[in-house]
>>> print(open('query.json').read())   # JSON, C-alpha atoms
[["chain", "number", "residue", "atom", "x", "y", "z"],
["X", 205, "MET", "CA", 39.94, -67.84, -197.23],
["X", 206, "THR", "CA", 37.76, -66.18, -194.66],
["X", 207, "THR", "CA", 35.04, -67.58, -192.44],
["X", 208, "ALA", "CA", 33.26, -64.25, -192.16],
["X", 209, "THR", "CA", 29.56, -64.36, -192.93],
["X", 210, "ALA", "CA", 27.03, -61.59, -193.38],
["X", 211, "PRO", "CA", 24.65, -60.76, -190.53],
["X", 212, "GLU", "CA", 21.25, -62.46, -190.77],
["X", 213, "ILE", "CA", 19.10, -59.91, -189.00],
["X", 214, "ALA", "CA", 15.59, -60.96, -188.01],
["X", 215, "HIS", "CA", 13.16, -58.48, -186.48],
["X", 216, "VAL", "CA", 10.72, -59.45, -183.75],
["X", 217, "LYS", "CA", 8.01, -57.01, -182.68],
["X", 218, "ALA", "CA", 5.32, -56.42, -180.10],
["X", 219, "LEU", "CA", 2.68, -53.67, -180.00],
["X", 220, "SER", "CA", 1.12, -52.92, -176.64],
["X", 221, "GLN", "CA", -1.81, -50.82, -175.51],
["X", 222, "TRP", "CA", -2.14, -49.69, -171.90],
["X", 223, "GLU", "CA", -5.64, -50.27, -170.52],
["X", 224, "GLY", "CA", -5.28, -48.45, -167.20],
["X", 225, "GLY", "CA", -3.61, -49.39, -163.93],
["X", 226, "ALA", "CA", -1.03, -52.12, -164.42],
["X", 227, "ARG", "CA", -2.96, -53.79, -167.26],
["X", 228, "THR", "CA", -1.63, -53.83, -170.83],
["X", 229, "LEU", "CA", -2.86, -55.65, -173.95],
["X", 230, "HIS", "CA", -0.19, -57.07, -176.27],
["X", 231, "GLN", "CA", -0.40, -57.84, -179.97],
["X", 232, "VAL", "CA", 2.17, -60.03, -181.77],
["X", 233, "ARG", "CA", 1.53, -60.54, -185.48],
["X", 234, "ARG", "CA", -1.87, -62.12, -186.11],
["X", 235, "PHE", "CA", -2.12, -64.02, -182.83],
["X", 236, "PRO", "CA", -4.82, -63.43, -180.22],
["X", 237, "ALA", "CA", -3.91, -60.46, -178.02],
["X", 238, "PHE", "CA", -2.90, -61.22, -174.45],
["X", 239, "TYR", "CA", -2.62, -59.30, -171.19],
["X", 240, "THR", "CA", -0.06, -58.59, -168.58],
["X", 241, "ASP", "CA", -1.15, -57.14, -165.25],
["X", 242, "GLU", "CA", 0.09, -57.14, -161.64],
["X", 243, "PRO", "CA", -1.29, -58.58, -158.42],
["X", 244, "GLU", "CA", -3.20, -56.13, -156.24],
["X", 245, "ASP", "CA", -0.29, -55.70, -153.80],
["X", 246, "LEU", "CA", 1.76, -54.38, -156.74],
["X", 247, "GLY", "CA", -0.96, -51.97, -157.84],
["X", 248, "GLY", "CA", -2.79, -54.09, -160.40],
["X", 249, "THR", "CA", -6.06, -55.96, -160.84],
["X", 250, "ASP", "CA", -4.42, -59.40, -161.25],
["X", 251, "THR", "CA", -6.10, -60.29, -164.54],
["X", 252, "GLY", "CA", -3.03, -61.90, -166.12],
["X", 253, "PRO", "CA", 0.60, -62.90, -165.59],
["X", 254, "ASN", "CA", 2.86, -60.03, -164.68],
["X", 255, "PRO", "CA", 5.64, -58.94, -167.02],
["X", 256, "MET", "CA", 8.50, -60.73, -165.26],
["X", 257, "GLU", "CA", 6.46, -63.95, -165.06],
["X", 258, "THR", "CA", 5.94, -63.56, -168.78],
["X", 259, "VAL", "CA", 9.70, -63.14, -169.28],
["X", 260, "LEU", "CA", 10.25, -66.44, -167.46],
["X", 261, "ALA", "CA", 7.67, -68.25, -169.61],
["X", 262, "ALA", "CA", 9.41, -66.90, -172.73],
["X", 263, "TYR", "CA", 12.75, -67.97, -171.25],
["X", 264, "ASN", "CA", 11.45, -71.53, -170.78],
["X", 265, "GLY", "CA", 10.00, -71.50, -174.28],
["X", 266, "CYS", "CA", 13.24, -70.32, -175.82],
["X", 267, "LEU", "CA", 15.18, -73.09, -174.07],
["X", 268, "ALA", "CA", 12.63, -75.63, -175.36],
["X", 269, "VAL", "CA", 13.07, -74.36, -178.94],
["X", 270, "MET", "CA", 16.84, -74.61, -178.75],
["X", 271, "ILE", "CA", 16.67, -78.03, -177.06],
["X", 272, "HIS", "CA", 14.48, -79.26, -179.93],
["X", 273, "GLN", "CA", 16.81, -77.83, -182.55],
["X", 274, "ILE", "CA", 20.09, -79.03, -181.04],
["X", 275, "ALA", "CA", 18.65, -82.42, -180.04],
["X", 276, "GLY", "CA", 17.85, -82.88, -183.71],
["X", 277, "GLU", "CA", 21.39, -81.97, -184.70],
["X", 278, "MET", "CA", 22.91, -84.50, -182.28],
["X", 279, "ASN", "CA", 20.20, -87.18, -182.51],
["X", 280, "PHE", "CA", 19.36, -86.78, -178.83],
["X", 281, "ARG", "CA", 16.12, -88.68, -178.19],
["X", 282, "TYR", "CA", 13.45, -87.42, -175.81],
["X", 283, "SER", "CA", 9.70, -87.83, -175.68],
["X", 284, "GLY", "CA", 8.83, -85.25, -173.02],
["X", 285, "LEU", "CA", 10.27, -82.10, -171.49],
["X", 286, "GLU", "CA", 9.15, -79.97, -168.56],
["X", 287, "LEU", "CA", 10.76, -76.67, -167.58],
["X", 288, "SER", "CA", 10.21, -74.70, -164.40],
["X", 289, "ALA", "CA", 11.77, -71.35, -163.59],
["X", 290, "ASP", "CA", 11.68, -69.34, -160.37],
["X", 291, "GLY", "CA", 13.04, -65.81, -160.46],
["X", 292, "ALA", "CA", 13.95, -63.92, -157.28],
["X", 293, "ILE", "CA", 13.56, -60.13, -157.49],
["X", 294, "ASP", "CA", 14.42, -57.66, -154.72],
["X", 295, "LEU", "CA", 11.50, -55.23, -154.85],
["X", 296, "ARG", "CA", 13.65, -52.45, -153.43],
["X", 297, "GLY", "CA", 15.18, -52.22, -156.93],
["X", 298, "MET", "CA", 11.98, -51.20, -158.68],
["X", 299, "HIS", "CA", 11.28, -48.78, -155.83],
["X", 300, "GLY", "CA", 14.48, -46.99, -156.78],
["X", 301, "LYS", "CA", 16.91, -48.11, -154.06],
["X", 302, "PRO", "CA", 20.44, -47.35, -155.29],
["X", 303, "GLY", "CA", 22.72, -50.33, -155.73],
["X", 304, "VAL", "CA", 19.91, -52.89, -155.83],
["X", 305, "ARG", "CA", 19.50, -54.76, -159.10],
["X", 306, "ARG", "CA", 16.17, -53.97, -160.76],
["X", 307, "HIS", "CA", 15.59, -57.39, -162.28],
["X", 308, "PHE", "CA", 16.38, -61.00, -161.34],
["X", 309, "GLN", "CA", 18.86, -61.59, -158.55],
["X", 310, "ARG", "CA", 18.70, -65.29, -159.35],
["X", 311, "VAL", "CA", 16.77, -67.73, -161.54],
["X", 312, "THR", "CA", 16.45, -71.29, -160.21],
["X", 313, "GLN", "CA", 15.40, -73.79, -162.82],
["X", 314, "THR", "CA", 14.64, -77.46, -163.39],
["X", 315, "ILE", "CA", 14.64, -78.97, -166.88],
["X", 316, "ALA", "CA", 13.36, -82.56, -166.83],
["X", 317, "PHE", "CA", 13.55, -84.88, -169.85],
["X", 318, "ASP", "CA", 11.72, -88.11, -170.55],
["X", 319, "SER", "CA", 14.64, -89.68, -172.35],
["X", 320, "PRO", "CA", 16.71, -92.88, -172.66],
["X", 321, "GLU", "CA", 19.91, -90.86, -173.19],
["X", 322, "SER", "CA", 22.97, -90.82, -170.88],
["X", 323, "GLU", "CA", 24.01, -88.10, -168.44],
["X", 324, "GLN", "CA", 27.03, -87.46, -170.65],
["X", 325, "ARG", "CA", 24.88, -86.81, -173.71],
["X", 326, "LEU", "CA", 22.56, -84.62, -171.60],
["X", 327, "HIS", "CA", 25.59, -82.59, -170.56],
["X", 328, "GLN", "CA", 26.64, -82.15, -174.21],
["X", 329, "LEU", "CA", 23.12, -81.00, -175.09],
["X", 330, "ARG", "CA", 23.08, -78.56, -172.18],
["X", 331, "GLU", "CA", 26.41, -77.00, -173.12],
["X", 332, "ALA", "CA", 25.27, -76.35, -176.69],
["X", 333, "VAL", "CA", 21.83, -75.04, -175.65],
["X", 334, "GLU", "CA", 23.27, -72.67, -173.05],
["X", 335, "SER", "CA", 25.83, -71.43, -175.56],
["X", 336, "ARG", "CA", 23.24, -70.63, -178.24],
["X", 337, "CYS", "CA", 19.84, -69.89, -176.63],
["X", 338, "PRO", "CA", 18.83, -66.21, -177.04],
["X", 339, "ALA", "CA", 16.77, -65.83, -173.84],
["X", 340, "PHE", "CA", 19.27, -67.77, -171.72],
["X", 341, "ASN", "CA", 22.07, -65.53, -172.93],
["X", 342, "LEU", "CA", 19.96, -62.41, -172.38],
["X", 343, "LEU", "CA", 19.68, -63.29, -168.69],
["X", 344, "ARG", "CA", 23.28, -64.47, -168.41],
["X", 345, "ASP", "CA", 24.64, -61.34, -170.10],
["X", 346, "ALA", "CA", 22.57, -59.27, -167.64],
["X", 347, "GLY", "CA", 24.45, -60.89, -164.77],
["X", 348, "VAL", "CA", 21.61, -63.07, -163.51],
["X", 349, "ASP", "CA", 22.76, -65.96, -161.28],
["X", 350, "ILE", "CA", 21.16, -68.86, -163.20],
["X", 351, "ARG", "CA", 21.04, -72.17, -161.33],
["X", 352, "SER", "CA", 19.80, -74.93, -163.59],
["X", 353, "ASN", "CA", 19.19, -78.58, -162.82],
["X", 354, "TRP", "CA", 18.95, -80.71, -165.99],
["X", 355, "THR", "CA", 17.58, -84.17, -165.23],
["X", 356, "LEU", "CA", 16.66, -87.41, -166.98],
["X", 357, "ARG", "CA", 13.58, -89.34, -165.89],
["S", 35, "MET", "CA", 22.19, -44.21, -138.29],
["S", 36, "THR", "CA", 22.17, -46.38, -141.36],
["S", 37, "THR", "CA", 19.94, -46.31, -144.43],
["S", 38, "ALA", "CA", 20.40, -50.01, -145.03],
["S", 39, "THR", "CA", 17.16, -51.91, -145.56],
["S", 40, "ALA", "CA", 16.50, -55.61, -145.69],
["S", 41, "PRO", "CA", 15.98, -57.27, -149.09],
["S", 42, "GLU", "CA", 12.33, -57.65, -150.12],
["S", 43, "ILE", "CA", 12.57, -60.76, -152.24],
["S", 44, "ALA", "CA", 9.59, -61.63, -154.42],
["S", 45, "HIS", "CA", 9.49, -64.85, -156.42],
["S", 46, "VAL", "CA", 7.98, -65.06, -159.88],
["S", 47, "LYS", "CA", 7.49, -68.43, -161.54],
["S", 48, "ALA", "CA", 6.55, -70.12, -164.78],
["S", 49, "LEU", "CA", 5.99, -73.82, -165.47],
["S", 50, "SER", "CA", 6.27, -74.95, -169.07],
["S", 51, "GLN", "CA", 5.46, -78.18, -170.90],
["S", 52, "TRP", "CA", 6.99, -78.93, -174.29],
["S", 53, "GLU", "CA", 4.41, -80.17, -176.80],
["S", 54, "GLY", "CA", 6.73, -81.17, -179.62],
["S", 55, "GLY", "CA", 8.62, -79.19, -182.22],
["S", 56, "ALA", "CA", 9.03, -75.56, -181.17],
["S", 57, "ARG", "CA", 5.70, -75.46, -179.31],
["S", 58, "THR", "CA", 5.54, -75.08, -175.53],
["S", 59, "LEU", "CA", 2.59, -74.49, -173.19],
["S", 60, "HIS", "CA", 3.16, -72.12, -170.26],
["S", 61, "GLN", "CA", 1.37, -71.93, -166.94],
["S", 62, "VAL", "CA", 1.63, -68.91, -164.63],
["S", 63, "ARG", "CA", -0.36, -69.16, -161.40],
["S", 64, "ARG", "CA", -4.07, -69.71, -162.04],
["S", 65, "PHE", "CA", -4.18, -67.91, -165.40],
["S", 66, "PRO", "CA", -5.14, -69.59, -168.69],
["S", 67, "ALA", "CA", -2.13, -71.39, -170.17],
["S", 68, "PHE", "CA", -0.56, -69.87, -173.27],
["S", 69, "TYR", "CA", 1.75, -71.01, -176.04],
["S", 70, "THR", "CA", 5.00, -70.00, -177.58],
["S", 71, "ASP", "CA", 6.00, -71.49, -180.94],
["S", 72, "GLU", "CA", 8.15, -70.49, -183.92],
["S", 73, "PRO", "CA", 7.37, -69.68, -187.55],
["S", 74, "GLU", "CA", 7.90, -72.56, -189.97],
["S", 75, "ASP", "CA", 11.19, -71.16, -191.26],
["S", 76, "LEU", "CA", 12.53, -71.45, -187.69],
["S", 77, "GLY", "CA", 11.33, -75.03, -187.32],
["S", 78, "GLY", "CA", 7.93, -74.47, -185.73],
["S", 79, "THR", "CA", 4.25, -74.64, -186.58],
["S", 80, "ASP", "CA", 3.56, -70.92, -185.99],
["S", 81, "THR", "CA", 0.69, -71.37, -183.54],
["S", 82, "GLY", "CA", 1.73, -68.53, -181.21],
["S", 83, "PRO", "CA", 4.22, -65.72, -180.60],
["S", 84, "ASN", "CA", 7.80, -66.86, -180.44],
["S", 85, "PRO", "CA", 9.77, -66.54, -177.21],
["S", 86, "MET", "CA", 11.65, -63.35, -178.12],
["S", 87, "GLU", "CA", 8.42, -61.68, -179.29],
["S", 88, "THR", "CA", 6.99, -62.65, -175.91],
["S", 89, "VAL", "CA", 10.00, -61.07, -174.17],
["S", 90, "LEU", "CA", 9.27, -57.81, -176.02],
["S", 91, "ALA", "CA", 5.60, -57.88, -175.03],
["S", 92, "ALA", "CA", 6.64, -58.39, -171.40],
["S", 93, "TYR", "CA", 9.17, -55.58, -171.79],
["S", 94, "ASN", "CA", 6.43, -53.21, -173.01],
["S", 95, "GLY", "CA", 4.15, -54.38, -170.21],
["S", 96, "CYS", "CA", 6.81, -53.79, -167.57],
["S", 97, "LEU", "CA", 7.44, -50.26, -168.84],
["S", 98, "ALA", "CA", 3.67, -49.59, -168.72],
["S", 99, "VAL", "CA", 3.51, -50.78, -165.10],
["S", 100, "MET", "CA", 6.40, -48.55, -164.06],
["S", 101, "ILE", "CA", 5.01, -45.60, -166.02],
["S", 102, "HIS", "CA", 1.69, -46.01, -164.17],
["S", 103, "GLN", "CA", 3.41, -46.24, -160.80],
["S", 104, "ILE", "CA", 5.84, -43.35, -161.26],
["S", 105, "ALA", "CA", 3.26, -41.14, -163.01],
["S", 106, "GLY", "CA", 1.18, -41.56, -159.86],
["S", 107, "GLU", "CA", 4.11, -40.54, -157.67],
["S", 108, "MET", "CA", 4.75, -37.37, -159.70],
["S", 109, "ASN", "CA", 1.14, -36.55, -160.65],
["S", 110, "PHE", "CA", 1.91, -36.97, -164.33],
["S", 111, "ARG", "CA", -1.42, -37.04, -166.18],
["S", 112, "TYR", "CA", -2.06, -39.29, -169.17],
["S", 113, "SER", "CA", -5.18, -40.91, -170.57],
["S", 114, "GLY", "CA", -3.62, -43.27, -173.09],
["S", 115, "LEU", "CA", -0.32, -45.01, -173.75],
["S", 116, "GLU", "CA", 0.89, -47.13, -176.66],
["S", 117, "LEU", "CA", 4.22, -48.94, -176.73],
["S", 118, "SER", "CA", 5.87, -50.58, -179.72],
["S", 119, "ALA", "CA", 9.13, -52.51, -179.64],
["S", 120, "ASP", "CA", 11.20, -53.93, -182.50],
["S", 121, "GLY", "CA", 14.10, -56.20, -181.62],
["S", 122, "ALA", "CA", 16.87, -57.00, -184.11],
["S", 123, "ILE", "CA", 18.49, -60.41, -183.68],
["S", 124, "ASP", "CA", 21.38, -61.78, -185.76],
["S", 125, "LEU", "CA", 20.32, -65.39, -186.36],
["S", 126, "ARG", "CA", 23.96, -66.47, -186.72],
["S", 127, "GLY", "CA", 24.12, -66.20, -182.91],
["S", 128, "MET", "CA", 21.58, -68.91, -182.21],
["S", 129, "HIS", "CA", 23.24, -71.04, -184.88],
["S", 130, "GLY", "CA", 26.39, -70.97, -182.77],
["S", 131, "LYS", "CA", 28.57, -68.47, -184.63],
["S", 132, "PRO", "CA", 31.35, -67.38, -182.25],
["S", 133, "GLY", "CA", 31.42, -63.69, -181.39],
["S", 134, "VAL", "CA", 27.82, -63.01, -182.46],
["S", 135, "ARG", "CA", 25.45, -61.97, -179.69],
["S", 136, "ARG", "CA", 22.72, -64.56, -179.16],
["S", 137, "HIS", "CA", 19.95, -62.12, -178.25],
["S", 138, "PHE", "CA", 18.97, -58.57, -179.22],
["S", 139, "GLN", "CA", 21.51, -56.47, -181.06],
["S", 140, "ARG", "CA", 19.16, -53.53, -180.74],
["S", 141, "VAL", "CA", 15.65, -52.69, -179.57],
["S", 142, "THR", "CA", 13.94, -49.76, -181.26],
["S", 143, "GLN", "CA", 10.94, -48.43, -179.41],
["S", 144, "THR", "CA", 8.21, -45.82, -179.48],
["S", 145, "ILE", "CA", 6.27, -44.90, -176.35],
["S", 146, "ALA", "CA", 3.37, -42.54, -177.17],
["S", 147, "PHE", "CA", 1.31, -40.78, -174.49],
["S", 148, "ASP", "CA", -2.06, -39.09, -174.76],
["S", 149, "SER", "CA", -1.20, -36.40, -172.25],
["S", 150, "PRO", "CA", -1.37, -32.65, -171.59],
["S", 151, "GLU", "CA", 2.02, -32.71, -169.84],
["S", 152, "SER", "CA", 5.20, -30.93, -171.00],
["S", 153, "GLU", "CA", 8.28, -32.41, -172.69],
["S", 154, "GLN", "CA", 10.23, -31.59, -169.56],
["S", 155, "ARG", "CA", 7.89, -33.56, -167.34],
["S", 156, "LEU", "CA", 7.93, -36.42, -169.86],
["S", 157, "HIS", "CA", 11.72, -36.43, -169.64],
["S", 158, "GLN", "CA", 11.56, -36.60, -165.83],
["S", 159, "LEU", "CA", 9.12, -39.51, -166.04],
["S", 160, "ARG", "CA", 11.34, -41.29, -168.55],
["S", 161, "GLU", "CA", 14.46, -40.95, -166.42],
["S", 162, "ALA", "CA", 12.75, -42.44, -163.39],
["S", 163, "VAL", "CA", 11.10, -45.27, -165.35],
["S", 164, "GLU", "CA", 14.33, -46.24, -167.10],
["S", 165, "SER", "CA", 16.15, -46.18, -163.78],
["S", 166, "ARG", "CA", 13.68, -48.49, -162.03],
["S", 167, "CYS", "CA", 11.93, -50.74, -164.60],
["S", 168, "PRO", "CA", 12.96, -54.41, -164.17],
["S", 169, "ALA", "CA", 12.60, -55.52, -167.82],
["S", 170, "PHE", "CA", 14.23, -52.35, -169.19],
["S", 171, "ASN", "CA", 17.20, -52.88, -166.91],
["S", 172, "LEU", "CA", 17.37, -56.58, -167.80],
["S", 173, "LEU", "CA", 17.92, -55.63, -171.44],
["S", 174, "ARG", "CA", 20.19, -52.70, -170.64],
["S", 175, "ASP", "CA", 22.36, -54.78, -168.30],
["S", 176, "ALA", "CA", 22.64, -57.38, -171.09],
["S", 177, "GLY", "CA", 24.21, -54.73, -173.32],
["S", 178, "VAL", "CA", 21.24, -54.27, -175.66],
["S", 179, "ASP", "CA", 21.35, -51.02, -177.66],
["S", 180, "ILE", "CA", 17.94, -49.59, -176.66],
["S", 181, "ARG", "CA", 16.72, -46.68, -178.79],
["S", 182, "SER", "CA", 13.53, -45.23, -177.36],
["S", 183, "ASN", "CA", 11.37, -42.42, -178.62],
["S", 184, "TRP", "CA", 9.01, -41.05, -175.93],
["S", 185, "THR", "CA", 6.35, -38.80, -177.42],
["S", 186, "LEU", "CA", 3.35, -36.71, -176.41],
["S", 187, "ARG", "CA", 0.28, -36.62, -178.62]]
>>> encode(input="query.json", output="structure tokens")
Amino acid sequence: MTTATAPEIAHVKALSQWEGGARTLHQVRRFPAFYTDEPEDLGGTDTGPNPMETVLAAYNGCLAVMIHQIAGEMNFRYSGLELSADGAIDLRGMHGKPGVRRHFQRVTQTIAFDSPESEQRLHQLREAVESRCPAFNLLRDAGVDIRSNWTLR
Amino acid sequence: MTTATAPEIAHVKALSQWEGGARTLHQVRRFPAFYTDEPEDLGGTDTGPNPMETVLAAYNGCLAVMIHQIAGEMNFRYSGLELSADGAIDLRGMHGKPGVRRHFQRVTQTIAFDSPESEQRLHQLREAVESRCPAFNLLRDAGVDIRSNWTLR
């Protein structure tokens, strides 16, 4: 008997159109298009979140999806969830300085649950989520120093 | 004499509020809040791009920012730019299968310029952008197999 299973490959896509300067319009499936831009001190017109802010929002969203899924699997009860993420980037990296990481040096995060569950159950949930979450593992595999604080309130 | 420089740390942030199911509302600075969700077959209500689609949009946007910046540095002329990205994810990873990568197995990309420049200059631009772009290096450092096609049209 073998436990091997076939790959289940899903494709996710984004199509993006540059609109000049640092401003780009993004289309995902049928949803309303959205912009990324940069603040003026980074050469943009500051008309939308910048790309690395958008990565952090997606990172929070991915954690929330996996929390929902795994909480269901383990009957973990919660009525509210707030996630904050702060990413530190050394701008010398994107200016081309050798030896300086181009992306996040560190991500500092708080994940706060409205929940009657115990700290022990929260820890079990966290371990499973951090093991399985795509965006969390993207950052971890890239060597980002992720410092998360999971709390009950 | 030393060429050492002090770190120039910038902080980027996102604050996210779970709204039930796979749906989360994201706030970045003063900009209008935006959603991530999941299609119904992944447990969501499909009211917005999913988190990994959002990562790819940010990835395209980050490349466009760096292209704009480095094109300026090298006087590379272009009047239009379109970026598409397709990420392949093995869903067994997020279901917890040991040994299966949780995030992108591969990202396949086309970057098309409306430009009178030469293939050689395009290659120079590409090398500099791929060396310095934060989101590109986030994926590359995470071991993603990135297959890019940079074209002039």
>>> closest_residue(input="query.json", among="X:Trp222, X:Tyr282, X:Phe340, X:Phe238", to="chain S", atoms="only C-alpha atoms")
X:Trp222
>>> closest_residue(input="query.json", among="S:Gln51, S:Ser152, S:His137, S:Thr70", to="X:Ala346", atoms="all atoms listed in the file")
S:His137
>>> interface_residues(input="query.json", of="chain S", to="chain X", cutoff="6 Å", atoms="only C-alpha atoms", output="ChimeraX atom specification")
/S:41-52,56,58,60,85,87-92,95-96,99,115-125,128,130,136-137,166-168,172,175-176
>>> closest_residue(input="query.json", among="X:Gly276, X:Arg330, X:Gln324, X:Arg281", to="X:Asn353", atoms="all atoms listed in the file")
X:Arg330
>>> atom_distance(input="query.json", atom1="atom CA of X:Asn279", atom2="atom CA of S:Asp75")
20.4 Å
>>> atom_distance(input="query.json", atom1="atom CA of X:Asp349", atom2="atom CA of X:Glu334")
13.6 Å
>>> atom_distance(input="query.json", atom1="atom CA of X:Pro320", atom2="atom CA of X:Arg357")
8.3 Å
>>> decode(input="query.json", residues="stretch 76-138 of chain S", atoms="C-alpha atoms", output="PDB file, in the first residue's frame")
ATOM      1  CA  LEU S  76     -12.321  26.475  -1.595  1.00  0.00           C
ATOM      2  CA  GLY S  77     -14.881  27.313   1.074  1.00  0.00           C
ATOM      3  CA  GLY S  78     -15.586  30.948   0.254  1.00  0.00           C
ATOM      4  CA  THR S  79     -18.283  33.137  -1.247  1.00  0.00           C
ATOM      5  CA  ASP S  80     -16.168  34.364  -4.191  1.00  0.00           C
ATOM      6  CA  THR S  81     -16.666  38.077  -3.599  1.00  0.00           C
ATOM      7  CA  GLY S  82     -13.074  39.076  -4.405  1.00  0.00           C
ATOM      8  CA  PRO S  83      -9.652  37.859  -5.549  1.00  0.00           C
ATOM      9  CA  ASN S  84      -8.176  35.188  -3.355  1.00  0.00           C
ATOM     10  CA  PRO S  85      -4.998  35.859  -1.381  1.00  0.00           C
ATOM     11  CA  MET S  86      -2.585  34.136  -3.767  1.00  0.00           C
ATOM     12  CA  GLU S  87      -4.136  35.927  -6.763  1.00  0.00           C
ATOM     13  CA  THR S  88      -3.577  39.130  -4.818  1.00  0.00           C
ATOM     14  CA  VAL S  89       0.069  38.160  -4.242  1.00  0.00           C
ATOM     15  CA  LEU S  90       0.500  37.771  -8.011  1.00  0.00           C
ATOM     16  CA  ALA S  91      -1.079  41.167  -8.706  1.00  0.00           C
ATOM     17  CA  ALA S  92       1.303  42.729  -6.174  1.00  0.00           C
ATOM     18  CA  TYR S  93       4.174  40.824  -7.791  1.00  0.00           C
ATOM     19  CA  ASN S  94       3.284  42.274 -11.208  1.00  0.00           C
ATOM     20  CA  GLY S  95       2.914  45.724  -9.665  1.00  0.00           C
ATOM     21  CA  CYS S  96       6.298  45.519  -7.967  1.00  0.00           C
ATOM     22  CA  LEU S  97       7.986  44.514 -11.227  1.00  0.00           C
ATOM     23  CA  ALA S  98       6.288  47.469 -12.962  1.00  0.00           C
ATOM     24  CA  VAL S  99       7.587  49.876 -10.296  1.00  0.00           C
ATOM     25  CA  MET S 100      11.141  48.584 -10.621  1.00  0.00           C
ATOM     26  CA  ILE S 101      10.939  48.592 -14.423  1.00  0.00           C
ATOM     27  CA  HIS S 102       9.865  52.254 -14.303  1.00  0.00           C
ATOM     28  CA  GLN S 103      12.656  53.164 -11.901  1.00  0.00           C
ATOM     29  CA  ILE S 104      15.463  51.292 -13.642  1.00  0.00           C
ATOM     30  CA  ALA S 105      14.272  52.267 -17.140  1.00  0.00           C
ATOM     31  CA  GLY S 106      14.651  55.858 -15.958  1.00  0.00           C
ATOM     32  CA  GLU S 107      18.181  55.188 -14.741  1.00  0.00           C
ATOM     33  CA  MET S 108      19.234  53.649 -18.075  1.00  0.00           C
ATOM     34  CA  ASN S 109      17.099  55.803 -20.400  1.00  0.00           C
ATOM     35  CA  PHE S 110      15.173  52.770 -21.599  1.00  0.00           C
ATOM     36  CA  ARG S 111      12.167  54.048 -23.558  1.00  0.00           C
ATOM     37  CA  TYR S 112       8.765  52.365 -23.414  1.00  0.00           C
ATOM     38  CA  SER S 113       5.233  53.635 -23.829  1.00  0.00           C
ATOM     39  CA  GLY S 114       3.286  50.605 -22.628  1.00  0.00           C
ATOM     40  CA  LEU S 115       3.781  47.551 -20.441  1.00  0.00           C
ATOM     41  CA  GLU S 116       1.562  44.549 -19.748  1.00  0.00           C
ATOM     42  CA  LEU S 117       2.374  41.854 -17.211  1.00  0.00           C
ATOM     43  CA  SER S 118       0.638  38.512 -16.786  1.00  0.00           C
ATOM     44  CA  ALA S 119       1.431  35.961 -14.103  1.00  0.00           C
ATOM     45  CA  ASP S 120       0.141  32.408 -13.655  1.00  0.00           C
ATOM     46  CA  GLY S 121       0.980  30.615 -10.431  1.00  0.00           C
ATOM     47  CA  ALA S 122       0.669  26.833 -10.071  1.00  0.00           C
ATOM     48  CA  ILE S 123      -0.152  25.607  -6.562  1.00  0.00           C
ATOM     49  CA  ASP S 124      -0.495  21.961  -5.503  1.00  0.00           C
ATOM     50  CA  LEU S 125      -3.554  22.046  -3.236  1.00  0.00           C
ATOM     51  CA  ARG S 126      -2.305  18.994  -1.325  1.00  0.00           C
ATOM     52  CA  GLY S 127       0.134  21.402   0.364  1.00  0.00           C
ATOM     53  CA  MET S 128      -2.502  23.525   2.046  1.00  0.00           C
ATOM     54  CA  HIS S 129      -4.333  20.348   3.019  1.00  0.00           C
ATOM     55  CA  GLY S 130      -1.267  19.379   5.038  1.00  0.00           C
ATOM     56  CA  LYS S 131       0.363  16.741   2.844  1.00  0.00           C
ATOM     57  CA  PRO S 132       3.962  16.319   4.052  1.00  0.00           C
ATOM     58  CA  GLY S 133       6.652  17.153   1.514  1.00  0.00           C
ATOM     59  CA  VAL S 134       4.373  19.199  -0.753  1.00  0.00           C
ATOM     60  CA  ARG S 135       5.218  22.888  -1.035  1.00  0.00           C
ATOM     61  CA  ARG S 136       2.449  25.059   0.400  1.00  0.00           C
ATOM     62  CA  HIS S 137       2.812  27.935  -2.050  1.00  0.00           C
ATOM     63  CA  PHE S 138       3.764  28.344  -5.715  1.00  0.00           C
TER      64      PHE S 138
END
